[in-house]
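Reproduced below: work16.cif, with mmCIF, C-alpha atoms.
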```cif
data_input
loop_
_atom_site.label_atom_id
_atom_site.label_comp_id
_atom_site.auth_asym_id
_atom_site.auth_seq_id
_atom_site.Cartn_x
_atom_site.Cartn_y
_atom_site.Cartn_z
CA MET A 1 0.00 0.00 0.00
CA ARG A 2 1.36 3.37 -1.03
CA SER A 3 -0.34 5.60 1.50
CA GLY A 4 1.92 6.81 4.25
CA LEU A 5 5.02 6.71 2.04
CA PRO A 6 6.42 9.84 0.45
CA CYS A 7 5.70 9.58 -3.28
CA SER A 8 8.17 10.24 -6.06
CA SER A 9 8.15 13.67 -7.65
CA GLY A 10 6.60 12.44 -10.92
CA ASP A 11 3.48 10.74 -9.55
CA GLY A 12 0.92 13.44 -10.46
CA PHE A 13 -0.01 14.36 -6.85
CA ILE A 14 -0.15 18.05 -6.00
CA ARG A 15 2.27 18.85 -3.16
CA THR A 16 3.21 22.01 -1.27
CA ARG A 17 6.69 23.40 -0.70
CA GLY A 18 6.73 26.60 1.32
CA VAL A 19 4.09 28.91 -0.16
CA HIS A 20 3.78 27.05 -3.48
CA PHE A 21 1.81 24.17 -4.91
CA LEU A 22 3.97 21.80 -6.94
CA LEU A 23 3.00 19.28 -9.59
CA ASN A 24 5.82 16.85 -10.43
CA GLY A 25 8.30 19.34 -9.01
CA SER A 26 7.09 22.44 -10.93
CA PRO A 27 4.95 25.31 -9.56
CA TYR A 28 1.22 24.74 -10.00
CA TYR A 29 -1.63 27.28 -10.02
CA ALA A 30 -5.22 26.35 -9.42
CA ASN A 31 -7.35 28.38 -11.81
CA GLY A 32 -10.73 26.78 -11.60
CA PHE A 33 -14.36 26.67 -10.55
CA ASN A 34 -16.92 25.41 -8.09
CA ALA A 35 -19.57 22.94 -9.29
CA TYR A 36 -21.24 21.43 -6.21
CA TRP A 37 -23.75 19.57 -8.41
CA LEU A 38 -21.36 17.16 -10.17
CA MET A 39 -21.94 13.97 -8.13
CA TYR A 40 -25.68 14.59 -7.80
CA THR A 41 -26.05 15.03 -11.58
CA ALA A 42 -23.74 12.13 -12.48
CA SER A 43 -25.69 9.72 -10.25
CA ASP A 44 -28.28 9.64 -13.05
CA PRO A 45 -26.47 8.08 -16.05
CA SER A 46 -28.76 9.96 -18.48
CA GLN A 47 -27.45 13.28 -17.06
CA ARG A 48 -23.74 12.44 -17.24
CA PRO A 49 -23.23 14.29 -20.55
CA LYS A 50 -23.76 17.52 -18.54
CA VAL A 51 -20.78 16.65 -16.33
CA SER A 52 -18.69 15.87 -19.42
CA ALA A 53 -19.78 19.13 -21.07
CA ALA A 54 -18.85 21.14 -17.96
CA PHE A 55 -15.36 19.60 -17.85
CA ARG A 56 -14.91 20.01 -21.60
CA GLU A 57 -15.89 23.70 -21.54
CA ALA A 58 -13.74 24.31 -18.45
CA ALA A 59 -10.70 22.62 -20.01
CA SER A 60 -11.14 24.59 -23.25
CA HIS A 61 -10.95 27.81 -21.17
CA GLY A 62 -7.74 26.59 -19.50
CA LEU A 63 -9.28 25.71 -16.12
CA THR A 64 -7.45 23.06 -14.13
CA VAL A 65 -9.28 22.58 -10.79
CA ALA A 66 -12.89 21.89 -9.77
CA ARG A 67 -14.21 22.00 -6.21
CA THR A 68 -17.26 19.86 -5.48
CA TRP A 69 -19.18 17.98 -2.79
CA ALA A 70 -18.31 14.44 -1.68
CA PHE A 71 -21.37 14.45 0.58
CA SER A 72 -25.13 14.32 0.47
CA ASP A 73 -26.45 13.34 3.86
CA GLY A 74 -30.05 12.16 4.35
CA GLY A 75 -32.98 13.70 2.52
CA TYR A 76 -33.65 13.37 -1.22
CA ARG A 77 -31.31 11.10 -3.23
CA PRO A 78 -28.61 11.01 -0.54
CA LEU A 79 -25.09 9.59 -0.75
CA GLN A 80 -25.25 8.60 2.95
CA TYR A 81 -28.84 7.73 3.88
CA SER A 82 -28.02 6.91 7.51
CA PRO A 83 -24.69 6.87 9.38
CA GLY A 84 -22.33 4.50 7.56
CA SER A 85 -24.96 3.38 5.01
CA TYR A 86 -24.43 4.50 1.42
CA ASN A 87 -26.41 4.68 -1.79
CA GLU A 88 -24.23 2.90 -4.37
CA GLN A 89 -25.84 4.75 -7.30
CA MET A 90 -24.80 8.11 -5.82
CA PHE A 91 -21.26 6.87 -5.07
CA LYS A 92 -21.03 5.71 -8.71
CA GLY A 93 -21.90 9.28 -9.66
CA LEU A 94 -18.84 10.49 -7.74
CA ASP A 95 -16.74 7.71 -9.31
CA PHE A 96 -17.78 9.01 -12.73
CA VAL A 97 -16.94 12.63 -11.81
CA ILE A 98 -13.41 11.63 -10.77
CA ALA A 99 -12.87 9.48 -13.87
CA GLU A 100 -14.16 12.23 -16.16
CA ALA A 101 -12.09 14.97 -14.47
CA ARG A 102 -9.05 12.79 -14.99
CA SER A 103 -9.72 12.41 -18.71
CA TYR A 104 -9.95 16.23 -19.09
CA GLY A 105 -6.79 16.89 -17.04
CA ILE A 106 -8.76 18.57 -14.22
CA LYS A 107 -7.84 18.13 -10.54
CA LEU A 108 -10.54 17.97 -7.84
CA ILE A 109 -11.01 19.41 -4.38
CA LEU A 110 -13.57 17.22 -2.59
CA SER A 111 -15.45 18.44 0.48
CA PHE A 112 -16.58 15.96 3.17
CA ALA A 113 -19.55 17.84 4.70
CA ASN A 114 -21.64 21.01 4.70
CA ASN A 115 -22.03 23.58 7.42
CA TYR A 116 -25.50 24.41 6.04
CA ASP A 117 -28.50 22.13 5.75
CA SER A 118 -28.50 21.84 1.96
CA PHE A 119 -27.50 18.24 1.19
CA GLY A 120 -27.89 17.45 4.91
CA GLY A 121 -25.06 19.30 6.57
CA LYS A 122 -24.09 19.26 10.23
CA GLN A 123 -27.81 19.43 11.12
CA GLN A 124 -28.40 15.99 9.58
CA TYR A 125 -25.54 14.44 11.59
CA VAL A 126 -26.93 15.94 14.80
CA ASN A 127 -30.45 14.68 13.96
CA TRP A 128 -29.09 11.18 13.34
CA ALA A 129 -27.59 11.17 16.84
CA ARG A 130 -30.84 12.53 18.35
CA SER A 131 -32.87 9.82 16.62
CA ARG A 132 -30.65 7.27 18.39
CA GLY A 133 -31.42 8.67 21.82
CA GLN A 134 -28.65 11.27 22.24
CA TYR A 135 -29.52 14.64 23.76
CA LEU A 136 -27.97 17.42 21.66
CA SER A 137 -28.98 21.03 22.21
CA SER A 138 -27.73 22.60 18.96
CA ASP A 139 -26.36 21.89 15.48
CA ASP A 140 -22.98 23.07 16.79
CA ASP A 141 -22.81 19.83 18.81
CA PHE A 142 -21.60 18.44 15.47
CA PHE A 143 -18.15 19.76 16.43
CA MET A 144 -18.13 18.41 20.01
CA HIS A 145 -20.26 15.32 20.55
CA PRO A 146 -18.19 12.09 20.39
CA ILE A 147 -20.95 10.09 18.66
CA VAL A 148 -21.44 12.70 15.94
CA LYS A 149 -17.67 13.02 15.47
CA GLY A 150 -17.60 9.24 15.11
CA TYR A 151 -20.24 9.39 12.34
CA PHE A 152 -18.22 12.05 10.53
CA LYS A 153 -14.93 10.15 10.81
CA ASN A 154 -16.71 7.11 9.45
CA HIS A 155 -17.85 9.14 6.43
CA ILE A 156 -14.30 10.40 5.84
CA LYS A 157 -13.05 6.81 5.98
CA SER A 158 -15.76 5.62 3.57
CA VAL A 159 -14.76 8.27 1.02
CA LEU A 160 -11.00 7.74 1.35
CA TYR A 161 -11.25 3.95 1.02
CA ARG A 162 -13.81 4.08 -1.81
CA TYR A 163 -12.80 1.91 -4.78
CA ASN A 164 -13.65 3.79 -7.98
CA SER A 165 -15.80 1.54 -10.18
CA PHE A 166 -14.60 3.37 -13.34
CA THR A 167 -10.85 3.75 -12.71
CA GLY A 168 -10.14 0.85 -10.37
CA ILE A 169 -8.25 3.20 -8.02
CA HIS A 170 -9.05 3.89 -4.37
CA TYR A 171 -9.79 7.58 -3.84
CA LYS A 172 -6.95 7.92 -1.34
CA ASP A 173 -4.50 6.77 -4.04
CA ASP A 174 -5.86 8.85 -6.94
CA PRO A 175 -3.76 11.86 -8.04
CA THR A 176 -6.82 13.29 -9.86
CA ILE A 177 -7.85 14.50 -6.40
CA MET A 178 -5.80 17.57 -5.51
CA ALA A 179 -7.10 17.99 -1.95
CA TRP A 180 -9.70 17.07 0.62
CA GLU A 181 -11.75 19.72 2.40
CA LEU A 182 -13.02 19.03 5.93
CA MET A 183 -16.23 21.06 5.55
CA ASN A 184 -17.77 23.72 3.37
CA GLU A 185 -17.59 26.96 5.42
CA PRO A 186 -17.47 25.57 8.98
CA ARG A 187 -19.13 27.93 11.48
CA CYS A 188 -19.68 27.56 15.22
CA THR A 189 -21.50 30.70 16.36
CA SER A 190 -22.12 29.23 19.82
CA ASP A 191 -18.39 29.50 20.60
CA PRO A 192 -16.98 32.81 19.33
CA SER A 193 -13.73 32.11 21.26
CA GLY A 194 -12.82 29.80 18.37
CA ARG A 195 -11.69 26.97 20.65
CA THR A 196 -14.36 24.51 19.49
CA ILE A 197 -13.58 24.78 15.76
CA GLN A 198 -9.83 24.86 16.46
CA ALA A 199 -10.01 21.56 18.37
CA TRP A 200 -12.30 19.99 15.75
CA ILE A 201 -10.03 20.93 12.79
CA ALA A 202 -6.96 19.62 14.65
CA GLU A 203 -8.68 16.30 15.46
CA MET A 204 -10.14 15.76 11.98
CA ALA A 205 -6.96 16.84 10.14
CA SER A 206 -4.93 14.37 12.12
CA PHE A 207 -7.53 11.65 11.44
CA VAL A 208 -7.43 12.24 7.65
CA LYS A 209 -3.62 12.19 7.64
CA THR A 210 -3.46 8.85 9.46
CA ILE A 211 -5.26 7.29 6.47
CA ASP A 212 -4.05 9.39 3.55
CA ARG A 213 -0.63 11.06 3.34
CA ASN A 214 -0.82 11.41 -0.45
CA HIS A 215 -3.29 14.26 -0.60
CA LEU A 216 -3.36 17.84 0.56
CA LEU A 217 -5.96 18.90 3.10
CA GLU A 218 -7.70 22.21 3.79
CA ALA A 219 -10.38 23.20 6.29
CA GLY A 220 -12.97 24.90 4.03
CA LEU A 221 -12.70 28.28 5.77
CA GLU A 222 -14.13 31.59 4.57
CA GLY A 223 -11.21 33.50 6.04
CA PHE A 224 -12.71 35.44 8.96
CA TYR A 225 -10.13 36.58 11.49
CA GLY A 226 -10.51 35.57 15.13
CA PRO A 227 -9.15 35.96 18.66
CA SER A 228 -5.55 35.07 17.72
CA THR A 229 -5.25 38.32 15.70
CA PRO A 230 -7.42 41.01 17.35
CA GLN A 231 -5.70 43.68 15.22
CA ARG A 232 -7.20 42.04 12.10
CA ASN A 233 -10.79 41.71 13.33
CA SER A 234 -11.85 45.10 11.97
CA LEU A 235 -11.37 43.64 8.48
CA ASN A 236 -14.15 41.09 9.05
CA PRO A 237 -17.52 41.97 7.52
CA GLY A 238 -19.14 42.00 10.97
CA LEU A 239 -19.66 38.24 11.30
CA LYS A 240 -18.68 36.39 14.49
CA ILE A 241 -18.76 32.73 13.58
CA GLY A 242 -16.18 31.05 15.79
CA THR A 243 -13.43 30.59 13.19
CA ASP A 244 -9.92 32.05 13.19
CA PHE A 245 -8.09 32.37 9.86
CA ILE A 246 -4.61 32.36 11.41
CA ALA A 247 -5.01 29.83 14.25
CA ASN A 248 -7.09 27.38 12.17
CA ASN A 249 -4.67 27.36 9.23
CA ARG A 250 -1.62 27.00 11.48
CA ILE A 251 -2.74 23.48 12.42
CA PRO A 252 -0.01 21.13 11.12
CA GLY A 253 -2.33 18.80 9.12
CA ILE A 254 -3.75 21.75 7.17
CA ASP A 255 -1.61 22.13 4.05
CA PHE A 256 -2.97 25.35 2.60
CA ALA A 257 -5.26 28.22 3.53
CA THR A 258 -8.53 29.19 1.85
CA VAL A 259 -10.49 32.41 1.72
CA HIS A 260 -13.94 33.11 0.25
CA ALA A 261 -15.02 36.52 -1.04
CA TYR A 262 -18.66 37.60 -1.35
CA PRO A 263 -18.73 41.38 -0.90
CA ASP A 264 -22.21 41.45 -2.51
CA GLN A 265 -23.56 39.24 0.32
CA TRP A 266 -21.43 40.41 3.22
CA LEU A 267 -21.80 44.14 2.47
CA SER A 268 -25.17 43.97 0.72
CA SER A 269 -26.17 47.49 1.80
CA SER A 270 -22.92 49.05 0.46
CA ASN A 271 -22.41 50.33 -3.08
CA ASP A 272 -20.18 48.60 -5.66
CA GLN A 273 -17.30 50.98 -4.93
CA ASN A 274 -17.24 50.11 -1.21
CA GLN A 275 -17.60 46.42 -1.94
CA LEU A 276 -14.63 46.55 -4.31
CA SER A 277 -12.45 48.41 -1.83
CA PHE A 278 -13.38 45.83 0.86
CA LEU A 279 -12.39 43.07 -1.60
CA ASN A 280 -9.00 44.66 -2.34
CA ASN A 281 -8.23 44.92 1.36
CA TRP A 282 -9.58 41.46 2.20
CA LEU A 283 -7.45 39.75 -0.44
CA ASP A 284 -4.27 41.79 0.15
CA THR A 285 -4.30 41.02 3.87
CA HIS A 286 -5.00 37.30 3.48
CA ILE A 287 -2.33 36.86 0.81
CA GLN A 288 0.22 38.72 2.99
CA ASP A 289 -0.70 36.67 6.05
CA ALA A 290 -0.45 33.38 4.15
CA GLN A 291 2.99 34.47 2.92
CA ASN A 292 4.44 35.95 6.11
CA ILE A 293 2.63 34.31 9.03
CA LEU A 294 1.27 30.95 7.84
CA ARG A 295 3.98 30.36 5.20
CA LYS A 296 1.51 28.21 3.27
CA PRO A 297 -0.18 28.63 -0.13
CA ILE A 298 -3.60 30.31 -0.18
CA LEU A 299 -6.48 29.55 -2.52
CA ILE A 300 -9.36 31.96 -3.11
CA ALA A 301 -11.73 29.02 -3.04
CA GLU A 302 -15.03 30.86 -3.69
CA PHE A 303 -15.82 34.24 -5.18
CA GLY A 304 -18.52 35.62 -7.42
CA LYS A 305 -21.14 38.26 -8.08
CA SER A 306 -24.84 37.56 -8.55
CA TRP A 307 -26.95 38.92 -11.41
CA LYS A 308 -29.70 39.15 -8.78
CA ASP A 309 -27.82 42.04 -7.08
CA PRO A 310 -29.64 45.39 -7.45
CA GLY A 311 -28.19 47.36 -10.36
CA PHE A 312 -26.16 44.34 -11.58
CA SER A 313 -24.13 44.73 -14.75
CA THR A 314 -21.76 42.29 -16.45
CA TYR A 315 -19.20 45.09 -16.27
CA GLN A 316 -19.37 45.02 -12.44
CA ARG A 317 -19.01 41.23 -12.40
CA ASP A 318 -16.00 41.42 -14.73
CA LEU A 319 -14.50 44.07 -12.47
CA LEU A 320 -14.83 41.74 -9.46
CA PHE A 321 -13.32 38.78 -11.37
CA ASN A 322 -10.48 40.96 -12.68
CA THR A 323 -9.75 42.25 -9.17
CA VAL A 324 -9.52 38.73 -7.73
CA TYR A 325 -7.51 37.47 -10.70
CA TYR A 326 -5.08 40.37 -10.66
CA LYS A 327 -4.33 39.83 -6.93
CA ILE A 328 -3.55 36.17 -7.65
CA TYR A 329 -1.48 36.94 -10.73
CA SER A 330 0.63 39.68 -9.17
CA SER A 331 1.38 37.51 -6.12
CA ALA A 332 2.16 34.41 -8.23
CA LYS A 333 4.41 36.38 -10.56
CA ARG A 334 6.57 37.41 -7.59
CA GLY A 335 6.66 33.83 -6.26
CA GLY A 336 4.11 34.74 -3.56
CA ALA A 337 1.53 32.67 -1.69
CA ALA A 338 -1.58 33.24 -3.84
CA ALA A 339 -1.96 29.98 -5.68
CA GLY A 340 -5.24 30.34 -7.56
CA GLY A 341 -8.93 31.14 -7.55
CA LEU A 342 -12.14 29.14 -8.00
CA PHE A 343 -15.22 31.11 -9.05
CA TRP A 344 -18.71 30.21 -7.87
CA GLN A 345 -20.19 28.56 -9.89
CA LEU A 346 -19.94 26.76 -13.23
CA LEU A 347 -23.06 25.42 -14.95
CA THR A 348 -23.63 24.07 -18.42
CA GLU A 349 -26.61 24.32 -20.80
CA GLY A 350 -29.97 22.95 -19.66
CA MET A 351 -29.44 23.38 -15.90
CA ASP A 352 -31.86 26.22 -15.20
CA ASN A 353 -33.00 24.73 -11.88
CA PHE A 354 -29.40 25.07 -10.55
CA ARG A 355 -29.16 28.80 -11.34
CA ASP A 356 -28.47 30.81 -8.17
CA GLY A 357 -27.48 34.14 -9.71
CA TYR A 358 -23.75 33.39 -9.59
CA GLU A 359 -23.65 30.89 -12.44
CA ILE A 360 -21.27 31.16 -15.39
CA ILE A 361 -22.00 29.06 -18.48
CA LEU A 362 -18.77 28.90 -20.45
CA GLY A 363 -20.55 27.43 -23.47
CA GLN A 364 -22.31 30.79 -23.91
CA PRO A 365 -19.87 33.47 -25.07
CA SER A 366 -19.55 36.33 -22.56
CA SER A 367 -17.00 38.91 -21.49
CA THR A 368 -16.69 37.07 -18.14
CA ALA A 369 -15.76 33.83 -19.95
CA ASN A 370 -12.99 35.80 -21.71
CA VAL A 371 -11.71 37.19 -18.39
CA ILE A 372 -11.57 33.61 -17.03
CA ALA A 373 -9.69 32.28 -20.07
CA GLN A 374 -7.19 35.19 -19.98
CA GLN A 375 -6.34 34.46 -16.34
CA ALA A 376 -5.79 30.78 -17.15
CA HIS A 377 -3.40 31.79 -19.93
CA LYS A 378 -1.47 34.21 -17.69
CA LEU A 379 -1.01 31.63 -14.94
CA TYR A 380 0.07 29.06 -17.52
CA GLN A 381 2.75 31.50 -18.72
CA ILE A 382 4.06 31.88 -15.15
CA ARG A 383 4.24 28.09 -14.82
CA LYS A 384 6.21 27.92 -18.06
CA ILE A 385 8.67 30.59 -16.89
CA PHE A 386 9.22 28.87 -13.52
CA SER A 387 9.64 25.48 -15.25
CA ARG A 388 12.17 26.99 -17.64
CA MET A 389 14.10 28.52 -14.72
CA ARG A 390 14.06 25.14 -13.00
CA ASN A 391 15.39 23.46 -16.15
CA VAL A 392 18.14 26.08 -16.50
CA GLU A 393 19.14 25.43 -12.87
CA ARG A 394 19.21 21.69 -13.56
CA TRP A 395 21.27 22.24 -16.69
CA LYS A 396 23.76 24.43 -14.78
CA ARG A 397 24.09 21.83 -12.04
CA ALA A 398 24.58 19.05 -14.60
CA ARG A 399 27.18 21.12 -16.48
CA ALA A 400 29.05 21.84 -13.25
CA ALA A 401 28.96 18.13 -12.36
CA ARG A 402 30.24 17.22 -15.85
CA ALA A 403 33.03 19.77 -15.53
CA ARG A 404 34.03 18.29 -12.17
CA ARG A 405 34.05 14.77 -13.62
CA GLY A 406 36.03 15.98 -16.65
CA HIS A 407 38.56 17.65 -14.36
CA TRP A 408 38.99 14.42 -12.41
CA ARG A 409 39.40 12.37 -15.59
CA GLY A 410 41.71 14.97 -17.08
CA GLY A 411 43.98 14.65 -14.05
CA ASN A 412 44.73 11.04 -15.02
CA ARG A 413 45.24 11.69 -18.70
CA GLY A 414 48.62 10.48 -20.06
CA LYS A 415 49.49 8.68 -16.84
CA ARG A 416 49.60 4.97 -16.50
CA VAL A 417 46.89 3.63 -14.28
CA GLY A 418 47.57 0.32 -12.54
CA ASN A 419 50.34 -1.85 -13.92
#
```

Could you write out this structure as structure tokens?
Amino acid sequence: MRSGLPCSSGDGFIRTRGVHFLLNGSPYYANGFNAYWLMYTASDPSQRPKVSAAFREAASHGLTVARTWAFSDGGYRPLQYSPGSYNEQMFKGLDFVIAEARSYGIKLILSFANNYDSFGGKQQYVNWARSRGQYLSSDDDFFMHPIVKGYFKNHIKSVLYRYNSFTGIHYKDDPTIMAWELMNEPRCTSDPSGRTIQAWIAEMASFVKTIDRNHLLEAGLEGFYGPSTPQRNSLNPGLKIGTDFIANNRIPGIDFATVHAYPDQWLSSSNDQNQLSFLNNWLDTHIQDAQNILRKPILIAEFGKSWKDPGFSTYQRDLLFNTVYYKIYSSAKRGGAAAGGLFWQLLTEGMDNFRDGYEIILGQPSSTANVIAQQAHKLYQIRKIFSRMRNVERWKRARAARARRGHWRGGNRGKRVGN
């Protein structure tokens, strides 16, 4: 079994070194998208062409990473219909998503659970424990109650050990998966001190790493600052949710930091100008902190602007995308910690019931689709430059080694060796 052993540099797994992602030894940038619906849609074989179309359109715009759900707990068409019991048809949907991503050269970030009650979330886990006679006073008991934590660990284990029916590879051994995410946007408002979430991330990160040392892991955080950095708290958009960007991401099992950016939701009563200036500040500070304090890569794992916003224009959406993309590009170009951005969310044709205002359909020409493709091209150019520099370094080292060998051989030239 490979897990637990350090893998060779050419095995296709994304790694981190300092503030960079590496793929087979060269810097890697995650320009990509969110598409939470992939497994759900692929669980119906007649709908799989939509998944293929999404990956095809993404790849043709230069996108390399997709973030999606590896959960659907209880309720309608679940993956896990009760603790530890799984719907094979839904798991086959996720198998298909991974196989298809692989064939389009797209890496995946897979999330284990939801903070919110869509697709079950922490509420479903808590209700499962209640239905078995446990007294739990709030959904935040998800983070503390040993029985609920046991259910969640069991789900993590079921996903990691899953044997993919299309590829024949266990998920924990598949380099198509770039990273695991503990939870989509964990929040624990009942404990604003941050201690509950801190302990939960530490416990779950260590649990994941005991099973799978191949893959990167992140916590799913939105990026709100907490008690460990009181001087940063004024940057938060007024939400106290029990997370702590610095303390949470310092946990050893967490390989890279994430930040989400929704100025249109967080500052809904502000004008576009104020929202944009918040965004500039928010991103600058997180990128600096990832670089100087955490010394880990940072991914802007969700950002977007809804056409449902009052006074929406495509120009304003492009401005937001360009702002996010420029922050990533200018950091990456200097060898900084910003390692990519994933917009929310990608859809394809014929998915009207999934529209939430934030959707981008790359199959329909738009200025935003052009902005996305340009960023992919710019990050690809940086990768090429860094690869070239790495090759030049290799060549110099090889030349120096040859020269040393030549010098040694030259020292024996014309002399008899032996008898």

If the PyMOL selection byres ((chain A and resi 288) around 12) were run on this exact file, what residues would it hold? Put them as a JSON list (two decimals) with C-alpha atoms, keeping the file's coordinate frame.
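Dumped everything to expr_15.json:
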```json
[["chain", "number", "residue", "atom", "x", "y", "z"],
["A", 19, "VAL", "CA", 4.09, 28.91, -0.16],
["A", 246, "ILE", "CA", -4.61, 32.36, 11.41],
["A", 257, "ALA", "CA", -5.26, 28.22, 3.53],
["A", 281, "ASN", "CA", -8.23, 44.92, 1.36],
["A", 282, "TRP", "CA", -9.58, 41.46, 2.20],
["A", 283, "LEU", "CA", -7.45, 39.75, -0.44],
["A", 284, "ASP", "CA", -4.27, 41.79, 0.15],
["A", 285, "THR", "CA", -4.30, 41.02, 3.87],
["A", 286, "HIS", "CA", -5.00, 37.30, 3.48],
["A", 287, "ILE", "CA", -2.33, 36.86, 0.81],
["A", 289, "ASP", "CA", -0.70, 36.67, 6.05],
["A", 290, "ALA", "CA", -0.45, 33.38, 4.15],
["A", 291, "GLN", "CA", 2.99, 34.47, 2.92],
["A", 292, "ASN", "CA", 4.44, 35.95, 6.11],
["A", 293, "ILE", "CA", 2.63, 34.31, 9.03],
["A", 294, "LEU", "CA", 1.27, 30.95, 7.84],
["A", 295, "ARG", "CA", 3.98, 30.36, 5.20],
["A", 296, "LYS", "CA", 1.51, 28.21, 3.27],
["A", 297, "PRO", "CA", -0.18, 28.63, -0.13],
["A", 298, "ILE", "CA", -3.60, 30.31, -0.18],
["A", 327, "LYS", "CA", -4.33, 39.83, -6.93],
["A", 328, "ILE", "CA", -3.55, 36.17, -7.65],
["A", 331, "SER", "CA", 1.38, 37.51, -6.12],
["A", 336, "GLY", "CA", 4.11, 34.74, -3.56],
["A", 337, "ALA", "CA", 1.53, 32.67, -1.69],
["A", 338, "ALA", "CA", -1.58, 33.24, -3.84]]
```

If you apply the PyMOL selection byres ((chain A and resi 258) around 7) to this file, what residues do you get, as a PyMOL selection string? chain A and resi 220-223+256-257+259-260+298-301

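The residues returned by the PyMOL selection byres ((chain A and resi 32) around 7) for this structure are Ala30, Asn31, Phe33, Leu63, Thr64, Val65, Ala66, Gly341, Leu342 and Phe343 of chain A.
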
Separation of atom CA of Glu181 of chain A from atom CA of Ile109 of chain A in Å: 6.8 Å

For Thr41 of chain A, which of A:Leu23, A:Leu108, A:Met90, A:Ala219 is the closest residue, counting all atoms listed in the file? A:Met90

Using only C-alpha atoms, which of the listed residues (A:Phe55, A:Phe143, A:Phe71, A:Tyr163) sits closest to Ile201 of chain A?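 Smallest separation from Ile201 of chain A among the options: A:Phe143.
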
What does the structure give for the distance between atom CA of Lys149 of chain A and atom CA of Arg187 of chain A, in Å to one decimal? 15.5 Å

Find the residues near Ala369 of chain A: any atom within 12 Å, counting only C-alpha atoms, skip ones fewer than 2 places away on the same chain, and give them as number ranges by chain. A: 33, 57-58, 60-63, 314, 317-318, 321-322, 343, 346, 359-367, 371-376

Could you please determine the separation between atom CA of Thr189 of chain A and atom CA of Leu267 of chain A in Å, to one decimal place?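 Separating atom CA of Thr189 of chain A from atom CA of Leu267 of chain A is a distance of 19.3 Å.
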
Spatial neighbours of Asn236 of chain A, max dist 10 Å, only C-alpha atoms, sep filter under 4 positions, as a list in words: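 Final neighbour list, sorted by chain and number: Gly223, Phe224, Tyr225, Gly226, Arg232, Lys240, Trp266, Phe278 and Trp282 of chain A.
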
Pick from A:His155, A:Lys50, A:Lys122, A:Arg195, whichever lies nearest to Pro83 of chain A using all atoms listed in the file: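 Closest residue, counting all atoms listed in the file: A:His155.
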
Any idea what's packed within 8 Å of segment 379-387 of chain A, counting all atoms listed in the file, ignoring anything in its chain fewer than 6 positions away? Could you give it as a compact mmCIF listing (two decimals) with C-alpha atoms, in the coordinates of the input?
```txt
# COMPACT_ATOMS: atom_id res chain seq x y z
CA SER A 26 7.09 22.44 -10.93
CA PRO A 27 4.95 25.31 -9.56
CA TYR A 28 1.22 24.74 -10.00
CA TYR A 29 -1.63 27.28 -10.02
CA ASN A 31 -7.35 28.38 -11.81
CA TYR A 329 -1.48 36.94 -10.73
CA ALA A 332 2.16 34.41 -8.23
CA LYS A 333 4.41 36.38 -10.56
```

How would you write as an mmCIF file with C-alpha atoms, in the frame of the given file the residues that get within 10 Å of (-22.3, 3.6, 5.1) in the file's frame, counting all atoms listed in the file?
```cif
data_model
loop_
_atom_site.group_PDB
_atom_site.id
_atom_site.type_symbol
_atom_site.label_atom_id
_atom_site.label_comp_id
_atom_site.auth_asym_id
_atom_site.auth_seq_id
_atom_site.Cartn_x
_atom_site.Cartn_y
_atom_site.Cartn_z
ATOM 1 C CA LEU A 79 -25.090 9.590 -0.750
ATOM 2 C CA GLN A 80 -25.250 8.600 2.950
ATOM 3 C CA TYR A 81 -28.840 7.730 3.880
ATOM 4 C CA SER A 82 -28.020 6.910 7.510
ATOM 5 C CA PRO A 83 -24.690 6.870 9.380
ATOM 6 C CA GLY A 84 -22.330 4.500 7.560
ATOM 7 C CA SER A 85 -24.960 3.380 5.010
ATOM 8 C CA TYR A 86 -24.430 4.500 1.420
ATOM 9 C CA ASN A 87 -26.410 4.680 -1.790
ATOM 10 C CA GLU A 88 -24.230 2.900 -4.370
ATOM 11 C CA TYR A 151 -20.240 9.390 12.340
ATOM 12 C CA ASN A 154 -16.710 7.110 9.450
ATOM 13 C CA HIS A 155 -17.850 9.140 6.430
ATOM 14 C CA LYS A 157 -13.050 6.810 5.980
ATOM 15 C CA SER A 158 -15.760 5.620 3.570
ATOM 16 C CA VAL A 159 -14.760 8.270 1.020
#
```

From A:Thr368, A:Leu182, A:Ala339, A:Ala398, residue lying nearest Ser313 of chain A [only C-alpha atoms]: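 Using only C-alpha atoms, Ser313 of chain A sits closest to A:Thr368.
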
Check the smallest atom-to-atom distance from each of A:Pro263, A:Pro49, A:Gly340, A:Pro192 to Gly242 of chain A using only C-alpha atoms, then report the winner.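 Result for the nearest residue to Gly242 of chain A: A:Pro192.
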
Export segment 23-38 of chain A from the structure block above, keeping C-alpha atoms, as a compact mmCIF listing (two decimals), in the first residue's frame.
```txt
# COMPACT_ATOMS: atom_id res chain seq x y z
CA LEU A 23 3.00 19.28 -9.59
CA ASN A 24 5.82 16.85 -10.43
CA GLY A 25 8.30 19.34 -9.01
CA SER A 26 7.09 22.44 -10.93
CA PRO A 27 4.95 25.31 -9.56
CA TYR A 28 1.22 24.74 -10.00
CA TYR A 29 -1.63 27.28 -10.02
CA ALA A 30 -5.22 26.35 -9.42
CA ASN A 31 -7.35 28.38 -11.81
CA GLY A 32 -10.73 26.78 -11.60
CA PHE A 33 -14.36 26.67 -10.55
CA ASN A 34 -16.92 25.41 -8.09
CA ALA A 35 -19.57 22.94 -9.29
CA TYR A 36 -21.24 21.43 -6.21
CA TRP A 37 -23.75 19.57 -8.41
CA LEU A 38 -21.36 17.16 -10.17
```
